[in-house]
Each structure stands twice: as C-alpha cells, then as structure tokens.
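What follows is the content of upload25.cif (mmCIF, C-alpha atoms).
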data_work
loop_
_atom_site.label_atom_id
_atom_site.label_comp_id
_atom_site.auth_asym_id
_atom_site.auth_seq_id
_atom_site.Cartn_x
_atom_site.Cartn_y
_atom_site.Cartn_z
CA MET Y 183 22.43 -2.35 -12.74
CA THR Y 184 23.65 -1.03 -9.39
CA ALA Y 185 22.17 -2.80 -6.38
CA PRO Y 186 20.16 -0.56 -4.01
CA VAL Y 187 21.88 0.58 -0.84
CA ILE Y 188 20.17 -1.01 2.16
CA SER Y 189 20.38 0.99 5.39
CA THR Y 190 20.79 -0.46 8.86
CA GLY Y 191 18.64 0.81 11.72
CA SER Y 192 21.21 3.35 12.95
CA ASP Y 193 22.00 4.53 9.42
CA ARG Y 194 18.32 4.86 8.67
CA ALA Y 195 17.69 7.08 11.69
CA ALA Y 196 20.43 9.49 10.60
CA GLU Y 197 19.23 9.42 6.99
CA TYR Y 198 15.68 10.08 8.14
CA GLU Y 199 16.71 13.10 10.19
CA ALA Y 200 18.48 14.54 7.15
CA ASP Y 201 15.53 13.72 4.90
CA SER Y 202 12.97 15.28 7.26
CA ARG Y 203 15.07 18.45 7.66
CA SER Y 204 15.21 18.74 3.89
CA LYS Y 205 11.45 18.25 3.66
CA GLU Y 206 10.88 20.87 6.37
CA ASN Y 207 13.00 23.39 4.47
CA ARG Y 208 11.14 22.59 1.26
CA ILE Y 209 7.85 23.39 3.01
CA ARG Y 210 9.18 26.73 4.25
CA ASP Y 211 10.50 27.66 0.81
CA ALA Y 212 7.20 26.78 -0.85
CA LEU Y 213 5.20 28.84 1.65
CA ALA Y 214 7.65 31.75 1.40
CA GLY Y 215 6.66 32.05 -2.24
CA LEU Y 216 3.20 33.02 -0.99
CA GLY Y 217 4.49 35.13 1.90
CA ILE Y 218 2.93 32.80 4.49
CA GLN Y 219 5.97 30.94 5.88
CA HIS Y 220 5.25 32.44 9.31
CA THR Y 221 2.13 30.23 9.58
CA PHE Y 222 4.29 27.06 9.69
CA ALA Y 223 6.39 26.05 12.70
CA ALA Y 224 7.92 22.60 12.15
CA LEU Y 225 7.41 19.22 10.52
CA GLU Y 226 5.95 16.58 12.83
CA ARG Y 227 8.39 13.66 12.54
CA CYS Y 228 7.40 10.01 12.30
CA ALA Y 229 8.71 8.45 15.49
CA PRO Y 230 9.50 5.72 16.04
CA LEU Y 231 10.32 5.19 12.37
CA GLU Y 232 10.30 1.39 12.42
CA GLY Y 233 6.86 -0.21 12.17
CA PHE Y 234 5.07 2.92 10.94
CA ARG Y 235 3.16 1.47 8.00
CA GLY Y 236 -0.41 0.21 8.28
CA ARG Y 237 -0.51 -0.96 4.67
CA ALA Y 238 2.08 -2.75 2.54
CA HIS Y 239 2.23 -4.53 -0.82
CA PHE Y 240 4.19 -7.72 -1.41
CA SER Y 241 4.99 -9.52 -4.63
CA ILE Y 242 5.98 -13.14 -5.12
CA GLU Y 243 8.73 -13.45 -7.70
CA PRO Y 244 10.03 -16.56 -9.49
CA ASP Y 245 13.34 -17.89 -8.21
CA ASP Y 246 15.49 -20.95 -8.93
CA ALA Y 247 14.56 -22.91 -5.81
CA HIS Y 248 11.40 -21.37 -4.41
CA PRO Y 249 9.25 -18.27 -5.14
CA LYS Y 250 10.79 -15.21 -3.50
CA LEU Y 251 8.89 -12.75 -1.30
CA CYS Y 252 9.58 -9.07 -2.07
CA GLY Y 253 8.32 -5.85 -0.52
CA VAL Y 254 8.80 -2.12 -1.06
CA ASP Y 255 11.34 -0.06 0.86
CA PRO Y 256 10.54 3.69 0.80
CA GLN Y 257 14.27 4.40 0.47
CA SER Y 258 15.28 1.91 -2.21
CA GLY Y 259 12.04 0.76 -3.87
CA ALA Y 260 11.40 -2.92 -4.60
CA ALA Y 261 13.52 -5.03 -2.25
CA PRO Y 262 13.63 -8.50 -0.65
CA PHE Y 263 11.24 -8.87 2.27
CA GLU Y 264 14.04 -9.13 4.84
CA THR Y 265 15.32 -5.65 3.94
CA SER Y 266 11.92 -3.99 3.54
CA LYS Y 267 10.06 -5.48 6.52
CA TRP Y 268 11.17 -2.70 8.90
CA ILE Y 269 8.23 -0.54 7.79
CA LEU Y 270 5.78 -2.96 9.49
CA PRO Y 271 5.11 -3.64 13.19
CA ARG Y 272 6.78 -6.83 14.45
CA PHE Y 273 3.54 -8.81 14.67
CA ALA Y 274 2.72 -7.90 11.06
CA GLN Y 275 6.18 -8.98 9.88
CA LYS Y 276 5.54 -12.42 11.35
CA LEU Y 277 2.04 -12.51 9.85
CA VAL Y 278 3.40 -11.76 6.36
CA VAL Y 279 5.86 -14.65 6.61
CA ARG Y 280 3.14 -17.08 7.70
CA ALA Y 281 0.77 -15.85 4.99
CA TYR Y 282 3.51 -16.22 2.37
CA GLU Y 283 4.07 -19.86 3.40
CA HIS Y 284 0.48 -20.61 2.36
CA ILE Y 285 0.25 -18.25 -0.61
CA SER Y 286 3.53 -19.35 -2.23
CA ASN Y 287 2.06 -22.83 -2.71
CA SER Y 288 -0.43 -21.20 -5.12
CA PHE Y 289 2.24 -19.34 -7.13
CA PRO Y 290 1.97 -18.27 -9.96
CA ALA Y 291 -1.85 -18.28 -9.69
CA ILE Y 292 -1.38 -15.85 -6.77
CA ASN Y 293 1.62 -13.59 -7.30
CA GLY Y 294 1.18 -10.91 -4.63
CA PHE Y 295 -0.88 -9.53 -1.78
CA ASP Y 296 -1.71 -6.32 0.13
CA LEU Y 297 -1.79 -6.21 3.93
CA ARG Y 298 -3.90 -3.66 5.80
CA ILE Y 299 -3.59 -3.19 9.56
CA ALA Y 300 -6.15 -1.62 11.89
CA HIS Y 301 -5.16 1.39 13.97
CA GLY Y 302 -5.36 0.47 17.64
CA SER Y 303 -5.35 -3.33 17.29
CA GLU Y 304 -3.62 -6.21 15.52
CA GLU Y 305 -6.54 -7.05 13.25
CA CYS Y 306 -5.63 -7.28 9.57
CA LEU Y 307 -7.13 -7.70 6.12
CA LEU Y 308 -5.43 -9.36 3.17
CA SER Y 309 -6.09 -8.76 -0.55
CA LEU Y 310 -4.64 -11.29 -2.99
CA THR Y 311 -3.41 -10.52 -6.50
CA ALA Y 312 -4.70 -13.34 -8.72
CA GLN Y 313 -4.00 -14.56 -12.22
CA LYS Y 314 -6.72 -15.91 -14.52
CA THR Y 315 -7.31 -19.32 -12.98
CA HIS Y 316 -10.28 -21.20 -11.54
CA ALA Y 317 -12.00 -19.36 -8.70
CA THR Y 318 -12.19 -22.49 -6.52
CA LEU Y 319 -8.42 -22.33 -5.95
CA HIS Y 320 -8.70 -18.78 -4.61
CA GLU Y 321 -11.72 -19.55 -2.43
CA ASN Y 322 -9.93 -22.49 -0.80
CA LEU Y 323 -6.83 -20.38 -0.16
CA CYS Y 324 -8.92 -17.64 1.46
CA GLU Y 325 -10.56 -20.15 3.78
CA THR Y 326 -7.16 -21.63 4.71
CA LEU Y 327 -5.64 -18.23 5.48
CA LEU Y 328 -8.57 -17.27 7.70
CA ARG Y 329 -8.41 -20.58 9.53
CA GLU Y 330 -4.65 -20.64 10.07
CA LEU Y 331 -3.93 -16.96 10.78
CA PRO Y 332 -6.06 -15.64 13.65
CA GLU Y 333 -4.97 -12.02 13.12
CA LEU Y 334 -6.70 -12.03 9.76
CA ILE Y 335 -10.35 -11.02 9.95
CA GLY Y 336 -10.90 -10.99 6.20
CA VAL Y 337 -9.35 -12.08 2.91
CA ALA Y 338 -10.34 -10.80 -0.54
CA VAL Y 339 -9.46 -11.50 -4.16
CA PRO Y 340 -10.73 -8.29 -5.80
CA SER Y 341 -10.14 -9.44 -9.39
CA LYS Y 342 -12.42 -12.43 -8.73
CA SER Y 343 -14.97 -10.55 -6.58
CA ILE Y 344 -14.22 -12.96 -3.73
CA GLU Y 345 -14.50 -11.83 -0.10
CA ARG Y 346 -14.25 -14.11 2.91
CA GLY Y 347 -14.66 -12.98 6.49
CA ALA Y 348 -14.92 -9.25 7.24
CA ASP Y 349 -14.77 -6.73 4.39
CA SER Y 350 -13.83 -3.82 6.68
CA LEU Y 351 -11.26 -2.91 9.30
CA LYS Y 352 -12.29 -1.24 12.55
CA HIS Y 353 -9.84 1.50 13.53
CA ARG Y 354 -9.72 2.99 17.01
CA LEU Y 355 -8.79 6.67 16.85
CA LEU Y 356 -9.33 9.30 19.56
CA ASP Y 357 -11.51 6.80 21.44
CA VAL Y 358 -13.86 6.37 18.48
CA ASP Y 359 -14.30 3.28 16.29
CA ILE Y 360 -14.03 4.04 12.56
CA ALA Y 361 -14.88 1.39 9.95
CA GLN Y 362 -13.05 1.26 6.60
CA ASN Y 363 -14.01 -0.98 3.71
CA HIS Y 364 -10.90 -2.68 2.35
CA THR Y 365 -11.23 -0.87 -1.00
CA ALA Y 366 -11.54 2.60 0.54
CA PHE Y 367 -8.66 4.94 1.37
CA PHE Y 368 -7.43 5.35 4.93
CA GLN Y 369 -4.30 6.91 6.42
CA THR Y 370 -1.51 4.31 6.61
CA ASN Y 371 0.86 5.86 9.17
CA LEU Y 372 0.21 4.00 12.43
CA HIS Y 373 2.24 6.46 14.51
CA LEU Y 374 1.12 9.85 13.18
CA THR Y 375 -2.53 9.33 12.18
CA PRO Y 376 -3.90 9.98 15.72
CA THR Y 377 -1.86 13.21 15.87
CA LEU Y 378 -3.12 14.25 12.44
CA ALA Y 379 -6.72 13.52 13.44
CA ARG Y 380 -6.33 15.57 16.62
CA SER Y 381 -4.84 18.44 14.62
CA VAL Y 382 -7.88 18.52 12.32
CA GLN Y 383 -10.18 18.59 15.33
CA ASP Y 384 -8.18 21.47 16.83
CA ALA Y 385 -8.37 23.32 13.52
CA ILE Y 386 -12.16 22.96 13.39
CA GLY Y 387 -12.32 24.65 16.78
CA GLU Y 388 -14.41 24.09 19.88
CA GLN Y 389 -17.36 26.33 19.06
CA SER Y 390 -20.37 24.49 17.66
CA VAL Y 391 -21.34 25.42 14.10
CA PRO Y 392 -24.69 25.05 12.31
CA GLU Y 393 -23.22 22.76 9.66
CA LEU Y 394 -19.94 20.94 9.04
CA VAL Y 395 -19.34 20.11 5.37
CA ASP Y 396 -16.85 17.31 4.69
CA LEU Y 397 -15.72 17.33 1.03
CA TYR Y 398 -13.71 14.36 -0.24
CA CYS Y 399 -14.88 12.81 3.03
CA GLY Y 400 -13.69 9.24 2.46
CA VAL Y 401 -14.99 7.08 5.32
CA GLY Y 402 -15.99 10.21 7.27
CA LEU Y 403 -13.09 10.11 9.73
CA HIS Y 404 -12.72 13.83 10.45
CA SER Y 405 -16.42 14.72 10.43
CA VAL Y 406 -17.49 11.75 12.59
CA LEU Y 407 -14.81 12.68 15.13
CA ALA Y 408 -16.26 16.21 15.10
CA LYS Y 409 -19.85 15.08 15.73
CA ASP Y 410 -20.16 17.22 18.88
CA LYS Y 411 -19.01 20.36 17.05
CA ALA Y 412 -21.85 20.72 14.55
CA ARG Y 413 -25.62 20.51 14.61
CA ARG Y 414 -25.52 18.90 11.18
CA ILE Y 415 -22.84 17.10 9.13
CA VAL Y 416 -22.94 16.76 5.35
CA GLY Y 417 -20.26 14.87 3.44
CA ALA Y 418 -19.54 13.86 -0.15
CA ASP Y 419 -17.15 11.48 -1.87
CA SER Y 420 -17.23 9.71 -5.23
CA HIS Y 421 -16.01 6.34 -3.89
CA PRO Y 422 -19.03 4.06 -3.23
CA ALA Y 423 -17.34 1.84 -0.63
CA ALA Y 424 -15.98 4.88 1.24
CA ILE Y 425 -19.45 6.40 1.42
CA GLU Y 426 -20.86 3.08 2.60
CA SER Y 427 -18.29 3.10 5.42
CA ALA Y 428 -19.01 6.78 6.23
CA ARG Y 429 -22.71 6.03 6.57
CA GLN Y 430 -21.95 3.06 8.81
CA ASN Y 431 -19.66 5.21 10.96
CA ALA Y 432 -22.39 7.84 11.30
CA LYS Y 433 -24.87 5.13 12.27
CA ASN Y 434 -22.49 3.73 14.90
CA ALA Y 435 -21.78 7.15 16.40
CA GLU Y 436 -24.13 8.38 19.10
CA SER Y 437 -26.18 11.56 18.70
CA ILE Y 438 -24.98 12.43 15.23
CA ASN Y 439 -27.01 14.13 12.52
CA ALA Y 440 -25.02 13.26 9.39
CA VAL Y 441 -25.74 12.65 5.71
CA TYR Y 442 -23.08 11.36 3.31
CA HIS Y 443 -23.58 11.60 -0.46
CA GLN Y 444 -21.91 9.50 -3.14
CA GLN Y 445 -21.11 12.40 -5.42
CA SER Y 446 -18.03 14.08 -6.82
CA ALA Y 447 -16.74 17.10 -4.93
CA ASP Y 448 -17.26 19.29 -8.00
CA GLU Y 449 -20.91 18.29 -8.40
CA PHE Y 450 -21.64 18.56 -4.70
CA ALA Y 451 -19.95 21.96 -4.31
CA ARG Y 452 -21.94 23.40 -7.21
CA SER Y 453 -25.31 22.21 -5.91
CA HIS Y 454 -25.02 22.38 -2.12
CA ARG Y 455 -25.99 25.43 -0.08
CA PRO Y 456 -24.76 25.11 3.51
CA GLU Y 457 -26.08 26.93 6.52
CA PRO Y 458 -24.54 30.36 7.19
CA CYS Y 459 -21.44 30.38 9.41
CA SER Y 460 -20.62 26.76 8.61
CA THR Y 461 -17.20 25.10 8.64
CA VAL Y 462 -15.79 23.18 5.67
CA ILE Y 463 -13.27 20.34 5.68
CA LEU Y 464 -11.46 19.72 2.39
CA ASN Y 465 -9.40 16.53 2.08
CA PRO Y 466 -8.64 16.15 -1.64
CA PRO Y 467 -6.41 13.55 -3.35
CA ARG Y 468 -2.85 14.39 -4.38
CA SER Y 469 -4.14 16.29 -7.41
CA GLY Y 470 -5.62 18.86 -5.01
CA CYS Y 471 -8.94 20.70 -5.21
CA SER Y 472 -10.18 21.72 -8.63
CA GLU Y 473 -10.64 25.42 -9.32
CA ASP Y 474 -14.41 24.84 -9.56
CA VAL Y 475 -14.51 23.36 -6.05
CA ILE Y 476 -12.50 26.24 -4.58
CA ARG Y 477 -14.63 28.91 -6.22
CA SER Y 478 -17.89 27.15 -5.25
CA VAL Y 479 -16.81 26.75 -1.60
CA ALA Y 480 -15.66 30.39 -1.51
CA ASP Y 481 -19.14 31.41 -2.71
CA TRP Y 482 -20.62 29.61 0.31
CA LYS Y 483 -18.86 32.15 2.59
CA PRO Y 484 -18.21 29.65 5.39
CA ALA Y 485 -16.88 30.74 8.76
CA ARG Y 486 -13.74 28.61 8.40
CA ILE Y 487 -12.09 26.18 6.00
CA VAL Y 488 -9.83 23.34 7.16
CA ASN Y 489 -7.80 22.05 4.22
CA VAL Y 490 -6.08 18.66 4.64
CA SER Y 491 -3.58 17.96 1.86
CA CYS Y 492 -1.12 15.17 1.04
CA CYS Y 493 0.82 16.94 -1.73
CA LEU Y 494 2.71 20.16 -1.04
CA GLU Y 495 2.93 21.27 -4.68
CA THR Y 496 -0.80 21.11 -5.45
CA HIS Y 497 -1.64 22.52 -2.02
CA VAL Y 498 0.49 25.61 -2.63
CA GLU Y 499 -1.25 26.17 -5.95
CA ASN Y 500 -4.63 25.83 -4.21
CA LEU Y 501 -3.53 28.30 -1.52
CA ARG Y 502 -2.55 30.78 -4.21
CA LEU Y 503 -6.13 30.69 -5.51
CA TRP Y 504 -7.62 30.87 -2.01
CA LYS Y 505 -5.57 34.01 -1.30
CA SER Y 506 -6.78 35.64 -4.51
CA LEU Y 507 -10.36 35.01 -3.35
CA GLY Y 508 -9.80 36.74 -0.01
CA TRP Y 509 -8.97 33.73 2.19
CA THR Y 510 -5.93 33.85 4.48
CA PRO Y 511 -3.99 30.81 5.72
CA THR Y 512 -3.62 31.48 9.45
CA GLN Y 513 -2.04 28.21 10.58
CA ILE Y 514 -0.30 25.34 8.77
CA ARG Y 515 0.78 22.12 10.44
CA ALA Y 516 2.76 19.44 8.60
CA PHE Y 517 3.11 15.72 9.29
CA ASP Y 518 5.63 13.32 7.77
CA MET Y 519 3.08 10.60 7.03
CA PHE Y 520 5.22 9.31 4.14
CA PRO Y 521 8.88 9.14 5.30
CA PHE Y 522 11.57 9.14 2.60
CA THR Y 523 9.13 10.40 -0.06
CA ARG Y 524 8.44 13.89 -1.41
CA PHE Y 525 4.88 13.77 -0.05
CA VAL Y 526 3.83 15.51 3.16
CA GLU Y 527 0.47 15.84 4.91
CA THR Y 528 -0.60 19.34 5.89
CA VAL Y 529 -3.52 20.78 7.84
CA THR Y 530 -4.21 24.41 6.93
CA VAL Y 531 -6.69 26.75 8.61
CA LEU Y 532 -8.17 29.31 6.20
CA ASP Y 533 -10.06 32.33 7.52
CA GLN Y 534 -11.63 35.09 5.49
CA GLY Y 535 -10.01 38.50 5.33
#
Let me see the file written as structure tokens.
Amino acid sequence: MTAPVISTGSDRAAEYEADSRSKENRIRDALAGLGIQHTFAALERCAPLEGFRGRAHFSIEPDDAHPKLCGVDPQSGAAPFETSKWILPRFAQKLVVRAYEHISNSFPAINGFDLRIAHGSEECLLSLTAQKTHATLHENLCETLLRELPELIGVAVPSKSIERGADSLKHRLLDVDIAQNHTAFFQTNLHLTPTLARSVQDAIGEQSVPELVDLYCGVGLHSVLAKDKARRIVGADSHPAAIESARQNAKNAESINAVYHQQSADEFARSHRPEPCSTVILNPPRSGCSEDVIRSVADWKPARIVNVSCCLETHVENLRLWKSLGWTPTQIRAFDMFPFTRFVETVTVLDQG
C-alpha cells in the first residue's frame, strides 16, 4: 500500500488554493446547467486554513510499544496525530495530547474519542468510544479528565449513557449565545461559521415578517439570530436533543416568540399553515429536501425562501424542482466549510416569479 502524501504548511496553502478554485468552477458549472450561474460570485475561502475545525475524531490504535494516537486529515484520510493536528487550533492540539495521556491508560476499553470546541471560547466537550467493559472504569476516567483538563466542561460515553459535567457547548456567534447538546449537529468550521450565519441573516432581509419558519432547524441557530425580524418563529427538526437545545436557546433569548417542534420536516410541512407573507429557512442534511417538503412549502406561498445546503449535487436537484414550481434563485453565496472535500455550503435566496 502506498503511504499517503503529507503536505507541509506552504504546500498545503498552494494545494488549497488549487482545490478551492476547482470547487468554485464546479459550482459555476453546476449552476450553468440551470442557467443561473450569474447568481453566484465567488467561493468564500477558509482562511486561515490551519486550526479551522471545531470537531475532530481520534482513534487509539495498537502499537508495539504504546497505543498510537491517530486523527483524520481531510487531504489524506486516517493519519498519525502529528500530521493531522493542523486542522485544530493550537490550544486544542495540546488538549488532545493531554487527554490521550489519560485515555491511553484505559486502552483497549477506550479506543477513541471525539472533541468538540465552542465557537468564541476554548471550552470543549469530549465523547469517548467505549468497548463492552464495566461502567465504573468509564465513570472514573470521565471524572479524571474533568479534574485534570480545565478546558473540558463535559465528558460523555454515549454507548454507556454516561455524562459528566455539562452536556452542551455554549457558542458565541454574532453576539448571541447558542447552546448545542453534544449529540446535536452544529457547524464545525471555526473561521467561516460567523460569516455563514451573517449571510443567512442578510438573506432573510431587514423587513419584519409575520412568521419565520425554520425547517430542519437543528438547535435553532438561524431563527434565534433572526428573532428581531419576525413576530413569530416556528421551527421543526426530528432530532430530540437538537430541539431541546433550540427551545433552550429561545428561552435564553430576549423578546422572542418561538415554538420548536420535534417533528420531521415532511410531517411538519404537510400540516403547518404559516401566516401570509412569511419567510422560510430550509437547512436540510446532505440528502437535500424531499420533493414532498418542496411542494408543501411552495403551496404555502411564502414571501421568500432561504435555502442553506451542504451538498451541491442535491441542492442543484432541489433548485431544478423549485424553478419548475415558479421560484427563482436570485442570489447564491458559497462557503468552503469543508476544505479538501467535495462538499460546499451554500446560501440561496429564492423569490417567486
């Protein structure tokens, strides 16, 4: 097997520029197939590249002398920690090493962990990957990690239903605190997420609307940030912990009239009837919006739709259906949230006619 090529910092910068140009051209080509390439200007690059990730997975592998710590490099895949650590901020690199020193003593009972970092601070959560062993071992390790590593505010062993310390991160974005349960999705790019969030707010517009509907709302990030732009907010997501966080974020926000439902987007879109002239945010997973969701939302006749997508291919297919239903993409912004991968985050404004 051929060993992966590991880039140095200077090589990586040049490779990233080439990769991002290729991604930008791929976006233009995909939109040209719909005749809407004029709505897209340029790909927002991830800069600086080093230290961009707010979440990372690490495995502990058997080795002759001592268990080996491995990470994931977006260029080469699984790689030793020393060659994959560049994706993390410096403080997090040091934290991983210190955590590994404790966790490796429990190998193979613990053979990996996930690190999550808060936007706007150095607070972190750790989730341990555990084998089938006695729970007391895991509980003691969690307590040790919390005691010895002050950056950690919580440690969990999901397979054992163990949680010690905090179960949520508190992100600071656009001067607002946003809570995220450790099992719920949140954007991982520490450099571009504030820019993405601002772009969604710009796309919603400044004029207040009767109702803002947030489908696939997650923890309610975009709708909570838009609390001053709508008289009422209604959101839906099928993930129970995400909805719990969304409700907490609504409670923490001042002067917000928001209701978040634990319900699939398909079910919610079929049953909900928003106020006239409302705005809709769609933020589906990589599989995109289902045809049922698109047709149901189109039947609502909202004033505007803001579609956030993380997969260009499914987004283009969704846009094809939107166009057939009389909706026109008027602006598309793209963000390289996932450098060196085929995935790209887009924010598309859809207006009727």
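Distances from Y:Arg524, Y:Arg280, Y:Arg329, Y:Arg515 to Phe222 in chain Y were compared using all atoms listed in the file, and the smallest one belongs to Y:Arg515.
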For this session: Select all residues near (-10.4, 24.5, 3.8) (cut-off 12 Å, inclusive, file coordinates), counting all atoms listed in the file, and output them as a PyMOL selection string.
Result: chain Y and resi 382+385-386+394-398+460-466+470-471+475-477+479-480+482-491+497+500-501+503-505+509-514+528-534
Exercise. Between Y:Asn322, Y:Pro249, Y:His239, Y:Leu225, which has the minimum distance to Arg210 in chain Y (counting only C-alpha atoms)?
Worked result: Y:Leu225
For this session: Could you tell me which residues the PyMOL selection byres ((chain Y and resi 433-446) around 6) grabs in this file, written as number ranges by chain?
Result: Y: 409, 414-420, 430-432, 447-449
Taking the file above as input, evaluate the PyMOL selection byres ((chain Y and resi 282) around 10) and report the hits as an mmCIF file with C-alpha atoms, keeping the file's coordinate frame.
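Saved the output as selection.cif:
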data_model
loop_
_atom_site.group_PDB
_atom_site.id
_atom_site.type_symbol
_atom_site.label_atom_id
_atom_site.label_comp_id
_atom_site.auth_asym_id
_atom_site.auth_seq_id
_atom_site.Cartn_x
_atom_site.Cartn_y
_atom_site.Cartn_z
ATOM 1 C CA PHE Y 240 4.190 -7.720 -1.410
ATOM 2 C CA SER Y 241 4.990 -9.520 -4.630
ATOM 3 C CA ILE Y 242 5.980 -13.140 -5.120
ATOM 4 C CA PRO Y 249 9.250 -18.270 -5.140
ATOM 5 C CA LYS Y 250 10.790 -15.210 -3.500
ATOM 6 C CA LEU Y 251 8.890 -12.750 -1.300
ATOM 7 C CA LYS Y 276 5.540 -12.420 11.350
ATOM 8 C CA LEU Y 277 2.040 -12.510 9.850
ATOM 9 C CA VAL Y 278 3.400 -11.760 6.360
ATOM 10 C CA VAL Y 279 5.860 -14.650 6.610
ATOM 11 C CA ARG Y 280 3.140 -17.080 7.700
ATOM 12 C CA ALA Y 281 0.770 -15.850 4.990
ATOM 13 C CA GLU Y 283 4.070 -19.860 3.400
ATOM 14 C CA HIS Y 284 0.480 -20.610 2.360
ATOM 15 C CA ILE Y 285 0.250 -18.250 -0.610
ATOM 16 C CA SER Y 286 3.530 -19.350 -2.230
ATOM 17 C CA ASN Y 287 2.060 -22.830 -2.710
ATOM 18 C CA SER Y 288 -0.430 -21.200 -5.120
ATOM 19 C CA GLY Y 294 1.180 -10.910 -4.630
ATOM 20 C CA PHE Y 295 -0.880 -9.530 -1.780
ATOM 21 C CA LEU Y 327 -5.640 -18.230 5.480
#
Seminar exercise, completed: In Å and to one decimal, CA of Cys492 in chain Y is distant from CA of Tyr198 in chain Y by 18.9 Å
Exercise. Just so the selection is clear, what residues does the PyMOL selection byres ((chain Y and resi 333-347) around 6) cover here, as a list of chain:residue names?
Worked result: Y:Glu305, Y:Cys306, Y:Leu307, Y:Leu308, Y:Ser309, Y:Leu310, Y:Cys324, Y:Leu328, Y:Leu331, Y:Pro332, Y:Ala348
